[in-house]
>>> print(open('structure-v3.cif').read())   # mmCIF, C-alpha atoms
data_upload
loop_
_atom_site.label_atom_id
_atom_site.label_comp_id
_atom_site.auth_asym_id
_atom_site.auth_seq_id
_atom_site.Cartn_x
_atom_site.Cartn_y
_atom_site.Cartn_z
CA MET A 61 -8.33 5.11 -19.59
CA LYS A 62 -8.06 8.47 -21.36
CA HIS A 63 -5.11 9.35 -23.59
CA SER A 64 -4.16 12.09 -21.12
CA ASP A 65 -3.91 9.43 -18.40
CA TYR A 66 -1.50 7.38 -20.50
CA TYR A 67 0.65 10.45 -21.07
CA GLY A 68 0.57 11.24 -17.36
CA TYR A 69 1.67 7.73 -16.38
CA ALA A 70 4.37 7.73 -19.06
CA LEU A 71 5.75 11.04 -17.79
CA PHE A 72 5.60 9.87 -14.17
CA PHE A 73 7.53 6.67 -14.85
CA LEU A 74 10.01 8.47 -17.09
CA ILE A 75 10.77 10.78 -14.16
CA LEU A 76 11.16 7.78 -11.83
CA VAL A 77 13.49 6.02 -14.27
CA LEU A 78 15.72 9.10 -14.59
CA LEU A 79 15.54 10.11 -10.91
CA PRO A 80 18.61 8.19 -9.62
CA SER A 81 20.84 10.24 -11.93
CA PHE A 82 19.95 13.41 -10.02
CA LEU A 83 19.87 12.19 -6.40
CA ASP A 84 22.57 11.61 -3.80
CA SER A 85 22.61 8.46 -1.70
CA ARG A 86 20.36 9.87 1.02
CA TRP A 87 17.61 11.02 -1.32
CA LEU A 88 17.90 7.88 -3.42
CA ALA A 89 17.13 5.90 -0.25
CA VAL A 90 14.14 8.18 0.36
CA ALA A 91 12.97 7.63 -3.24
CA THR A 92 13.28 3.86 -2.83
CA THR A 93 11.25 3.92 0.38
CA PHE A 94 8.72 6.16 -1.39
CA ILE A 95 8.17 3.43 -4.00
CA ILE A 96 7.89 0.70 -1.33
CA PHE A 97 5.39 2.75 0.69
CA THR A 98 3.42 3.41 -2.50
CA ILE A 99 3.07 -0.36 -2.99
CA VAL A 100 1.89 -0.81 0.61
CA ALA A 101 -0.55 2.09 0.22
CA LEU A 102 -1.93 0.47 -2.94
CA SER A 103 -2.44 -2.74 -0.95
CA GLN A 104 -4.23 -0.74 1.74
CA ASP A 105 -6.43 0.78 -0.96
CA VAL A 106 -7.67 -2.67 -1.98
CA VAL A 107 -9.22 -3.06 1.49
CA LEU A 108 -10.06 0.53 2.44
CA GLY A 109 -10.59 2.31 -0.87
CA LYS A 110 -11.95 -0.35 -3.20
CA SER A 111 -13.82 -2.37 -0.56
CA GLY A 112 -14.72 0.27 2.02
CA MET A 113 -13.49 -1.74 5.04
CA PHE A 114 -11.76 0.15 7.85
CA ASN A 115 -8.52 -1.78 8.20
CA MET A 116 -5.81 -0.09 10.27
CA GLY A 117 -3.48 -3.05 10.52
CA GLN A 118 -1.84 -3.14 7.10
CA ALA A 119 1.63 -2.80 8.61
CA LEU A 120 1.06 -6.30 10.04
CA PHE A 121 1.07 -7.85 6.55
CA PHE A 122 3.89 -5.55 5.44
CA GLY A 123 5.97 -6.78 8.37
CA LEU A 124 4.91 -10.39 7.89
CA GLY A 125 6.28 -10.34 4.35
CA ALA A 126 9.52 -8.70 5.50
CA TYR A 127 10.05 -11.16 8.36
CA THR A 128 9.14 -14.15 6.18
CA SER A 129 11.91 -13.26 3.74
CA ALA A 130 14.34 -12.36 6.54
CA ILE A 131 13.79 -15.60 8.49
CA CYS A 132 13.87 -17.83 5.42
CA ASN A 133 17.08 -16.18 4.23
CA THR A 134 19.05 -15.86 7.47
CA LYS A 135 17.81 -18.92 9.38
CA PHE A 136 17.29 -21.44 6.58
CA GLY A 137 19.68 -20.17 3.90
CA ILE A 138 17.01 -19.70 1.22
CA PRO A 139 18.08 -17.15 -1.42
CA LEU A 140 16.07 -13.95 -1.12
CA PRO A 141 14.45 -14.20 -4.61
CA ALA A 142 13.11 -17.65 -3.69
CA THR A 143 11.45 -16.19 -0.59
CA VAL A 144 9.29 -13.79 -2.61
CA PRO A 145 6.45 -16.30 -3.27
CA LEU A 146 6.40 -17.18 0.44
CA ALA A 147 6.40 -13.49 1.37
CA ILE A 148 3.26 -13.07 -0.76
CA LEU A 149 1.45 -16.31 0.11
CA ILE A 150 2.00 -16.35 3.90
CA PRO A 151 0.58 -12.82 4.48
CA ALA A 152 -2.30 -13.68 2.11
CA LEU A 153 -3.01 -16.84 4.14
CA PHE A 154 -2.91 -14.86 7.38
CA GLY A 155 -5.23 -12.33 5.77
CA ILE A 156 -7.75 -15.12 5.23
CA ILE A 157 -7.29 -16.54 8.73
CA LEU A 158 -7.56 -13.18 10.48
CA ALA A 159 -10.38 -11.82 8.33
CA GLY A 160 -12.62 -14.90 8.63
CA PRO A 161 -13.80 -14.35 12.24
CA ILE A 162 -14.06 -10.53 12.03
CA ILE A 163 -15.37 -9.90 8.55
CA HIS A 164 -18.92 -9.36 9.82
CA LEU A 165 -17.73 -6.30 11.79
CA ARG A 166 -18.15 -2.85 10.28
CA GLY A 167 -16.78 0.65 10.69
CA ASP A 168 -14.98 1.48 13.91
CA TYR A 169 -15.45 -2.06 15.30
CA LEU A 170 -13.39 -3.51 12.47
CA LEU A 171 -10.93 -0.65 12.88
CA VAL A 172 -10.31 -1.45 16.56
CA VAL A 173 -9.87 -5.18 15.93
CA THR A 174 -7.30 -4.64 13.17
CA ILE A 175 -5.39 -2.26 15.45
CA GLY A 176 -5.32 -5.04 18.04
CA PHE A 177 -3.95 -7.54 15.51
CA ASN A 178 -1.16 -5.12 14.62
CA ILE A 179 -0.22 -4.59 18.28
CA VAL A 180 -0.17 -8.35 18.96
CA PHE A 181 2.04 -8.89 15.91
CA VAL A 182 4.61 -6.32 17.06
CA GLN A 183 4.62 -7.77 20.58
CA ALA A 184 5.24 -11.25 19.16
CA LEU A 185 8.20 -9.92 17.17
CA GLN A 186 9.66 -8.14 20.20
CA ASN A 187 9.37 -11.30 22.31
CA ASN A 188 11.41 -13.28 19.76
CA LEU A 189 8.60 -15.63 18.69
CA PHE A 190 9.88 -19.25 18.43
CA GLY A 191 13.42 -17.84 18.69
CA LEU A 192 13.21 -16.67 15.07
CA THR A 193 12.38 -12.95 15.05
CA GLY A 194 15.43 -11.60 16.87
CA GLY A 195 13.48 -9.76 19.56
CA PRO A 196 13.60 -5.94 19.76
CA ASN A 197 16.81 -5.83 17.71
CA GLY A 198 15.26 -7.64 14.75
CA ILE A 199 17.20 -9.53 12.09
CA PHE A 200 20.34 -8.31 10.34
CA GLY A 201 22.54 -9.54 7.51
CA ILE A 202 19.76 -10.26 5.01
CA ASP A 203 20.98 -11.14 1.53
CA MET A 204 20.26 -9.07 -1.59
CA LEU A 205 17.88 -9.75 -4.46
CA ARG A 206 20.41 -10.94 -7.02
CA ILE A 207 19.81 -10.26 -10.71
CA PRO A 208 22.04 -12.19 -13.16
CA GLY A 209 24.53 -9.90 -14.86
CA VAL A 210 23.67 -6.92 -12.63
CA ASP A 211 25.46 -5.60 -9.55
CA SER A 212 22.41 -5.88 -7.30
CA GLY A 213 24.28 -4.53 -4.29
CA THR A 214 24.21 -0.93 -5.50
CA GLN A 215 21.58 1.48 -4.25
CA SER A 216 20.46 2.22 -7.80
CA ALA A 217 19.85 -1.49 -8.47
CA VAL A 218 17.70 -1.74 -5.32
CA TYR A 219 15.74 1.30 -6.52
CA TYR A 220 15.07 -0.16 -9.97
CA ILE A 221 14.01 -3.52 -8.50
CA CYS A 222 11.42 -1.68 -6.40
CA LEU A 223 10.31 0.34 -9.44
CA ALA A 224 9.82 -2.86 -11.46
CA ALA A 225 7.72 -4.27 -8.61
CA LEU A 226 5.58 -1.12 -8.55
CA VAL A 227 4.89 -1.43 -12.28
CA MET A 228 3.91 -5.08 -11.82
CA VAL A 229 1.56 -4.23 -8.93
CA LEU A 230 -0.11 -1.46 -10.94
CA ILE A 231 -0.72 -3.88 -13.83
CA VAL A 232 -2.24 -6.45 -11.46
CA LEU A 233 -4.48 -3.83 -9.85
CA LYS A 234 -5.58 -2.51 -13.24
CA ASN A 235 -6.62 -6.03 -14.22
CA LEU A 236 -8.40 -6.43 -10.86
CA GLU A 237 -10.37 -3.25 -11.50
CA LYS A 238 -11.69 -4.68 -14.80
CA SER A 239 -12.42 -8.14 -13.40
CA LYS A 240 -15.56 -9.64 -11.87
CA ALA A 241 -13.93 -9.50 -8.42
CA GLY A 242 -13.07 -5.83 -8.85
CA ARG A 243 -16.64 -4.95 -9.80
CA ALA A 244 -17.96 -6.95 -6.83
CA LEU A 245 -15.66 -5.07 -4.43
CA HIS A 246 -16.93 -1.77 -5.78
CA TYR A 247 -20.58 -2.82 -5.52
CA PHE A 248 -20.45 -3.85 -1.87
CA ARG A 249 -18.34 -0.79 -1.07
CA GLU A 250 -21.19 1.38 -2.32
CA ASP A 251 -24.04 -0.65 -0.80
CA PRO A 252 -23.49 -4.08 0.84
CA LEU A 253 -27.21 -4.83 1.06
CA ALA A 254 -27.80 -4.05 -2.62
CA ALA A 255 -24.74 -6.12 -3.55
CA GLU A 256 -26.10 -9.13 -1.67
CA SER A 257 -29.50 -8.68 -3.31
CA ILE A 258 -27.96 -9.18 -6.77
CA GLY A 259 -26.19 -12.37 -5.71
CA ILE A 260 -22.74 -11.14 -4.62
CA ASN A 261 -21.31 -13.18 -1.73
CA THR A 262 -19.98 -10.23 0.23
CA ARG A 263 -18.30 -12.41 2.87
CA VAL A 264 -16.18 -14.21 0.27
CA TYR A 265 -15.17 -11.00 -1.46
CA LYS A 266 -14.33 -9.23 1.80
CA ILE A 267 -11.96 -12.07 2.72
CA PHE A 268 -10.58 -11.98 -0.83
CA ALA A 269 -9.86 -8.24 -0.44
CA PHE A 270 -7.98 -8.81 2.82
CA ALA A 271 -5.95 -11.67 1.32
CA PHE A 272 -5.20 -9.81 -1.91
CA GLY A 273 -4.11 -6.66 -0.11
CA ALA A 274 -2.04 -8.70 2.36
CA GLY A 275 -0.19 -10.45 -0.48
CA ILE A 276 0.78 -7.15 -2.10
CA ALA A 277 1.89 -5.75 1.26
CA GLY A 278 3.99 -8.90 1.79
CA LEU A 279 5.78 -8.29 -1.51
CA ALA A 280 6.57 -4.75 -0.34
CA GLY A 281 7.94 -6.26 2.88
CA THR A 282 10.51 -8.28 0.93
CA LEU A 283 11.56 -5.13 -0.93
CA TYR A 284 11.93 -3.32 2.40
CA ALA A 285 14.10 -6.12 3.82
CA ASN A 286 16.18 -6.04 0.64
CA GLN A 287 16.69 -2.28 0.85
CA TYR A 288 17.95 -2.21 4.43
CA SER A 289 19.30 -5.78 4.74
CA ALA A 290 17.58 -5.76 8.13
CA VAL A 291 14.15 -5.76 9.74
CA SER A 292 13.01 -4.71 13.22
CA PRO A 293 9.62 -4.55 14.99
CA GLU A 294 9.28 -0.76 15.18
CA ALA A 295 9.21 -0.51 11.38
CA PHE A 296 5.82 -2.29 11.34
CA ASP A 297 4.05 -0.89 14.38
CA PHE A 298 0.63 0.73 14.66
CA VAL A 299 1.96 4.16 13.66
CA GLN A 300 2.93 2.75 10.26
CA SER A 301 -0.58 1.41 9.79
CA VAL A 302 -1.94 4.87 10.59
CA LEU A 303 0.38 6.27 7.91
CA PHE A 304 -0.89 3.90 5.22
CA PHE A 305 -4.52 4.44 6.27
CA SER A 306 -4.02 8.21 6.08
CA ILE A 307 -2.34 8.02 2.69
CA VAL A 308 -5.42 6.39 1.13
CA ILE A 309 -7.79 8.87 2.81
CA VAL A 310 -5.69 11.92 1.89
CA GLY A 311 -4.97 10.64 -1.61
CA GLY A 312 -8.57 9.85 -2.52
CA SER A 313 -8.22 6.14 -3.39
CA SER A 314 -6.91 6.66 -6.91
CA VAL A 315 -3.43 5.77 -8.14
CA PRO A 316 -2.39 9.42 -8.72
CA GLY A 317 -3.96 10.35 -5.39
CA ILE A 318 -2.11 7.62 -3.52
CA VAL A 319 1.20 8.69 -5.10
CA LEU A 320 0.53 12.27 -4.00
CA GLY A 321 -0.60 10.98 -0.60
CA VAL A 322 2.70 9.14 -0.09
CA PHE A 323 4.51 12.34 -1.07
CA VAL A 324 2.54 14.41 1.45
CA MET A 325 2.69 11.86 4.27
CA PHE A 326 6.26 10.57 3.82
CA VAL A 327 8.42 12.65 1.47
CA LEU A 328 7.26 16.07 2.68
CA PRO A 329 8.36 15.42 6.30
CA GLU A 330 11.71 14.20 4.94
CA ILE A 331 12.19 17.46 3.03
CA PHE A 332 11.78 19.38 6.29
CA ARG A 333 13.85 16.95 8.39
CA ASP A 334 16.44 19.67 9.06
CA PHE A 335 13.78 21.54 11.04
CA ALA A 336 13.69 18.65 13.54
CA THR A 337 10.35 18.53 15.38
CA TRP A 338 8.98 21.47 13.43
CA ARG A 339 8.66 19.22 10.38
CA TYR A 340 5.80 17.40 12.11
CA PHE A 341 3.92 20.68 12.45
CA ILE A 342 4.34 21.21 8.69
CA PHE A 343 3.24 17.62 8.10
CA GLY A 344 0.18 18.04 10.33
CA PHE A 345 -0.88 21.31 8.74
CA ALA A 346 -0.48 19.76 5.29
CA MET A 347 -2.94 17.02 6.31
CA ILE A 348 -5.41 19.50 7.81
CA PHE A 349 -5.42 21.83 4.80
CA THR A 350 -5.72 18.87 2.44
CA MET A 351 -8.82 17.59 4.22
CA ILE A 352 -10.36 21.09 4.40
CA LEU A 353 -9.71 21.98 0.78
CA ARG A 354 -10.14 18.47 -0.66
CA PRO A 355 -12.47 16.53 1.68
CA CYS A 356 -12.74 13.65 -0.83
CA GLY A 357 -8.95 13.42 -1.15
CA ILE A 358 -6.33 15.09 -3.29
CA TRP A 359 -7.32 13.07 -6.35
CA PRO A 360 -10.64 11.25 -5.75
CA ALA A 361 -11.20 7.98 -7.55
CA THR A 362 -13.93 7.77 -10.18
CA TYR A 363 -15.75 4.60 -11.13
CA GLY A 364 -17.40 3.91 -14.44
CA ASN A 365 -18.94 6.23 -17.02
CA VAL A 366 -22.45 7.53 -17.54
CA PRO A 367 -23.98 5.84 -20.62
CA ALA A 368 -23.79 7.99 -23.74
CA TYR A 369 -27.55 7.88 -24.39
CA ILE A 370 -28.21 9.48 -21.00
CA LEU A 371 -25.82 12.32 -21.78
CA LYS A 372 -27.62 12.88 -25.11
CA GLY A 373 -30.99 13.73 -23.66
CA LYS A 374 -32.04 10.13 -22.88
CA GLN A 375 -32.78 9.51 -26.56
CA HIS A 376 -32.67 5.76 -25.93
CA GLY A 377 -35.67 5.94 -23.61
CA ASN A 378 -37.72 7.95 -26.10
CA LYS A 379 -37.52 5.35 -28.82
#
>>> encode(input="structure-v3.cif", output="C-alpha cells")
Amino acid sequence: MKHSDYYGYALFFLILVLLPSFLDSRWLAVATTFIIFTIVALSQDVVLGKSGMFNMGQALFFGLGAYTSAICNTKFGIPLPATVPLAILIPALFGIILAGPIIHLRGDYLLVVTIGFNIVFVQALQNNLFGLTGGPNGIFGIDMLRIPGVDSGTQSAVYYICLAALVMVLIVLKNLEKSKAGRALHYFREDPLAAESIGINTRVYKIFAFAFGAGIAGLAGTLYANQYSAVSPEAFDFVQSVLFFSIVIVGGSSVPGIVLGVFVMFVLPEIFRDFATWRYFIFGFAMIFTMILRPCGIWPATYGNVPAYILKGKQHGNK
C-alpha cells in the first residue's frame, strides 16, 4: 500500500470518527446505515469482485445474520453480543450448503439461482417459519449491544460500534488479499481454466468465497438489528441484493470505490429525499453517467505490480 493510501484511509476514518458531532439524529442514522451497507457491500465484493461470481442474493445472508441475532435474543433470551458468533457462523454455513450444488453454474445462470434463493428466503420469513420469524411484521424489541461502562443505547454509541466493526472487516479483508486464498480467488476470477491448470481447486475456493462473504454479511445483519431494534422481511428482499450488486459494479471492486458506490447508491438518494419520487430519477441518472464515464467503476481495483526489471527495459532478461 502506498503512503498516499495510508493518508487517505487515515483522513477518511478521522472524518467518520468526528462525523457524529456535526449530524442531527436523522443524518446520524443515515451515516450508521451507510457503514452497515458498506460492510455488506464488502462482503458482496468477496464473491462478485474478488471471485468473479454473479451472486445477486447477498441480502439473504445479511437477513440471515439479522434474524439469527433477533431470534436468539427475543425468543431464547441470549444477550445480543453473544449472538454475534452465531450470526457469522450460521450464514457462513448456509453459504456452504447453498453454494455446493450450484457452484458449477456460471454467469447469468448463477445469477438467476441466487435471485431464487433470496426470494425463497423472504417468503419463508413472511410465512413465519417455525413460528419464529414473526411473519410480515418481523421481530421487535431486540436488545442492544451492551459495552461495559458505555451508554450503548445512544445513537452515537450504535454508530461507533458499527464503525469499529467496519475497521475490523477491512483488516480481515486486507489479510485475505495477501493470503494464499486471496491469491487463488484472484487467479480463478481472471481465468478459471488457467487456475485449475496450476493446481487450484476452484470448487473449494468458490464455496469458500460464498461462505466468507456470507459470514461478513451476517455480522452486518446483527449491526442492523442492533440499530433498529427490529427486523422485517422487506429489509432483505431482492431489491436490496440488487443494491449491493450495483454498489460493487459502480464502485469498481476496490475499498474506496465501494465506499463511493454506497454513497452514490444509498446516501445520494437520501440527500434528495425531499424531492420525493424525483430523487429516484437523480439516482438513476447518477448510475447511468457513472457507467458511461467510468465503465470499469468509479475507482477500479488494481491487483499486483509489474516487476521492476520489466519496467527498466527488461534488463533481467538480457543478462
>>> closest_residue(input="structure-v3.cif", among="A:Ile95, A:Phe177, A:Pro80, A:Tyr67", to="Leu230 in chain A", atoms="all atoms listed in the file")
A:Ile95
>>> axis_aligned_box(input="structure-v3.cif", around="range 152-162 of chain A", padding_each_side="3 Å", output="lines of an AutoDock Vina configuration file")
center_x = -8.2
center_y = -13.7
center_z = 7.2
size_x = 17.8
size_y = 12.3
size_z = 16.1
>>> resolve_selection(input="structure-v3.cif", expression="the PyMOL selection byres ((chain A and resi 135-151) around 8)", output="mmCIF file with C-alpha atoms, in the coordinates of the input")
data_model
loop_
_atom_site.group_PDB
_atom_site.id
_atom_site.type_symbol
_atom_site.label_atom_id
_atom_site.label_comp_id
_atom_site.auth_asym_id
_atom_site.auth_seq_id
_atom_site.Cartn_x
_atom_site.Cartn_y
_atom_site.Cartn_z
ATOM 1 C CA PHE A 121 1.070 -7.850 6.550
ATOM 2 C CA LEU A 124 4.910 -10.390 7.890
ATOM 3 C CA GLY A 125 6.280 -10.340 4.350
ATOM 4 C CA ALA A 126 9.520 -8.700 5.500
ATOM 5 C CA THR A 128 9.140 -14.150 6.180
ATOM 6 C CA SER A 129 11.910 -13.260 3.740
ATOM 7 C CA ALA A 130 14.340 -12.360 6.540
ATOM 8 C CA ILE A 131 13.790 -15.600 8.490
ATOM 9 C CA CYS A 132 13.870 -17.830 5.420
ATOM 10 C CA ASN A 133 17.080 -16.180 4.230
ATOM 11 C CA THR A 134 19.050 -15.860 7.470
ATOM 12 C CA ALA A 152 -2.300 -13.680 2.110
ATOM 13 C CA LEU A 153 -3.010 -16.840 4.140
ATOM 14 C CA PHE A 154 -2.910 -14.860 7.380
ATOM 15 C CA GLY A 155 -5.230 -12.330 5.770
ATOM 16 C CA LEU A 192 13.210 -16.670 15.070
ATOM 17 C CA ASP A 203 20.980 -11.140 1.530
ATOM 18 C CA MET A 204 20.260 -9.070 -1.590
ATOM 19 C CA LEU A 205 17.880 -9.750 -4.460
ATOM 20 C CA ARG A 206 20.410 -10.940 -7.020
ATOM 21 C CA ALA A 271 -5.950 -11.670 1.320
ATOM 22 C CA ALA A 274 -2.040 -8.700 2.360
ATOM 23 C CA GLY A 275 -0.190 -10.450 -0.480
ATOM 24 C CA ILE A 276 0.780 -7.150 -2.100
ATOM 25 C CA ALA A 277 1.890 -5.750 1.260
ATOM 26 C CA GLY A 278 3.990 -8.900 1.790
ATOM 27 C CA LEU A 279 5.780 -8.290 -1.510
ATOM 28 C CA GLY A 281 7.940 -6.260 2.880
ATOM 29 C CA THR A 282 10.510 -8.280 0.930
#
>>> residues_around(input="structure-v3.cif", residues="Leu223 in chain A", least_positions_apart="2", cutoff="9 Å", atoms="all atoms listed in the file", output="MDAnalysis selection string")
chainID A and resid 73 76:77 92 95:96 218:221 225:228
>>> atom_distance(input="structure-v3.cif", atom1="CA of Met116 in chain A", atom2="CA of Met347 in chain A")
17.8 Å
>>> atom_distance(input="structure-v3.cif", atom1="CA of Arg243 in chain A", atom2="CA of Gly311 in chain A")
21.1 Å
>>> atom_distance(input="structure-v3.cif", atom1="CA of Leu283 in chain A", atom2="CA of Pro329 in chain A")
22.0 Å
>>> residues_around(input="structure-v3.cif", residues="range 260-270 of chain A", least_positions_apart="6", cutoff="6 Å", atoms="all atoms listed in the file", output="list in words")
Val107, Gly155, Ile156 and Ala159 of chain A
>>> write_last_selection(input="structure-v3.cif", atoms="C-alpha atoms", output="short mmCIF file (atom, residue, chain, number, x, y, z; two decimals), keeping the file's coordinate frame")
data_model
loop_
_atom_site.label_atom_id
_atom_site.label_comp_id
_atom_site.auth_asym_id
_atom_site.auth_seq_id
_atom_site.Cartn_x
_atom_site.Cartn_y
_atom_site.Cartn_z
CA VAL A 107 -9.22 -3.06 1.49
CA GLY A 155 -5.23 -12.33 5.77
CA ILE A 156 -7.75 -15.12 5.23
CA ALA A 159 -10.38 -11.82 8.33
#
>>> closest_residue(input="structure-v3.cif", among="A:Ser306, A:Leu189, A:Asn286, A:Leu78", to="Phe323 in chain A", atoms="all atoms listed in the file")
A:Ser306
>>> closest_atom_pairs(input="structure-v3.cif", of="range 75-134 of chain A", to="range 307-310 of chain A", cutoff="7 Å", atoms="all atoms listed in the file", output="CSV")
residue,atom,partner,partner_atom,distance
A:Ala101,CA,A:Val308,CA,6.6
A:Asp105,CA,A:Val308,CA,6.1
A:Gly109,CA,A:Val308,CA,6.9
>>> closest_residue(input="structure-v3.cif", among="A:Phe72, A:Phe272, A:Tyr66, A:Phe305", to="Leu233 in chain A", atoms="all atoms listed in the file")
A:Phe272
>>> closest_residue(input="structure-v3.cif", among="A:Ile157, A:Ala295, A:Val232, A:Leu165", to="Ile99 in chain A", atoms="only C-alpha atoms")
A:Val232
>>> closest_residue(input="structure-v3.cif", among="A:Asn115, A:Ser313, A:Leu353, A:Tyr288", to="Thr214 in chain A", atoms="only C-alpha atoms")
A:Tyr288
>>> resolve_selection(input="structure-v3.cif", expression="the PyMOL selection byres ((chain A and resi 250) around 12)", output="VMD selection string")
chain A and resid 109 to 113 243 to 249 251 to 256 262 363
>>> closest_residue(input="structure-v3.cif", among="A:Ala119, A:Ile75, A:Ala241, A:Ala217", to="Phe181 in chain A", atoms="all atoms listed in the file")
A:Ala119
>>> resolve_selection(input="structure-v3.cif", expression="the PyMOL selection byres ((chain A and resi 200) around 8)", output="PyMOL selection string")
chain A and resi 198-199+201-202+289-291
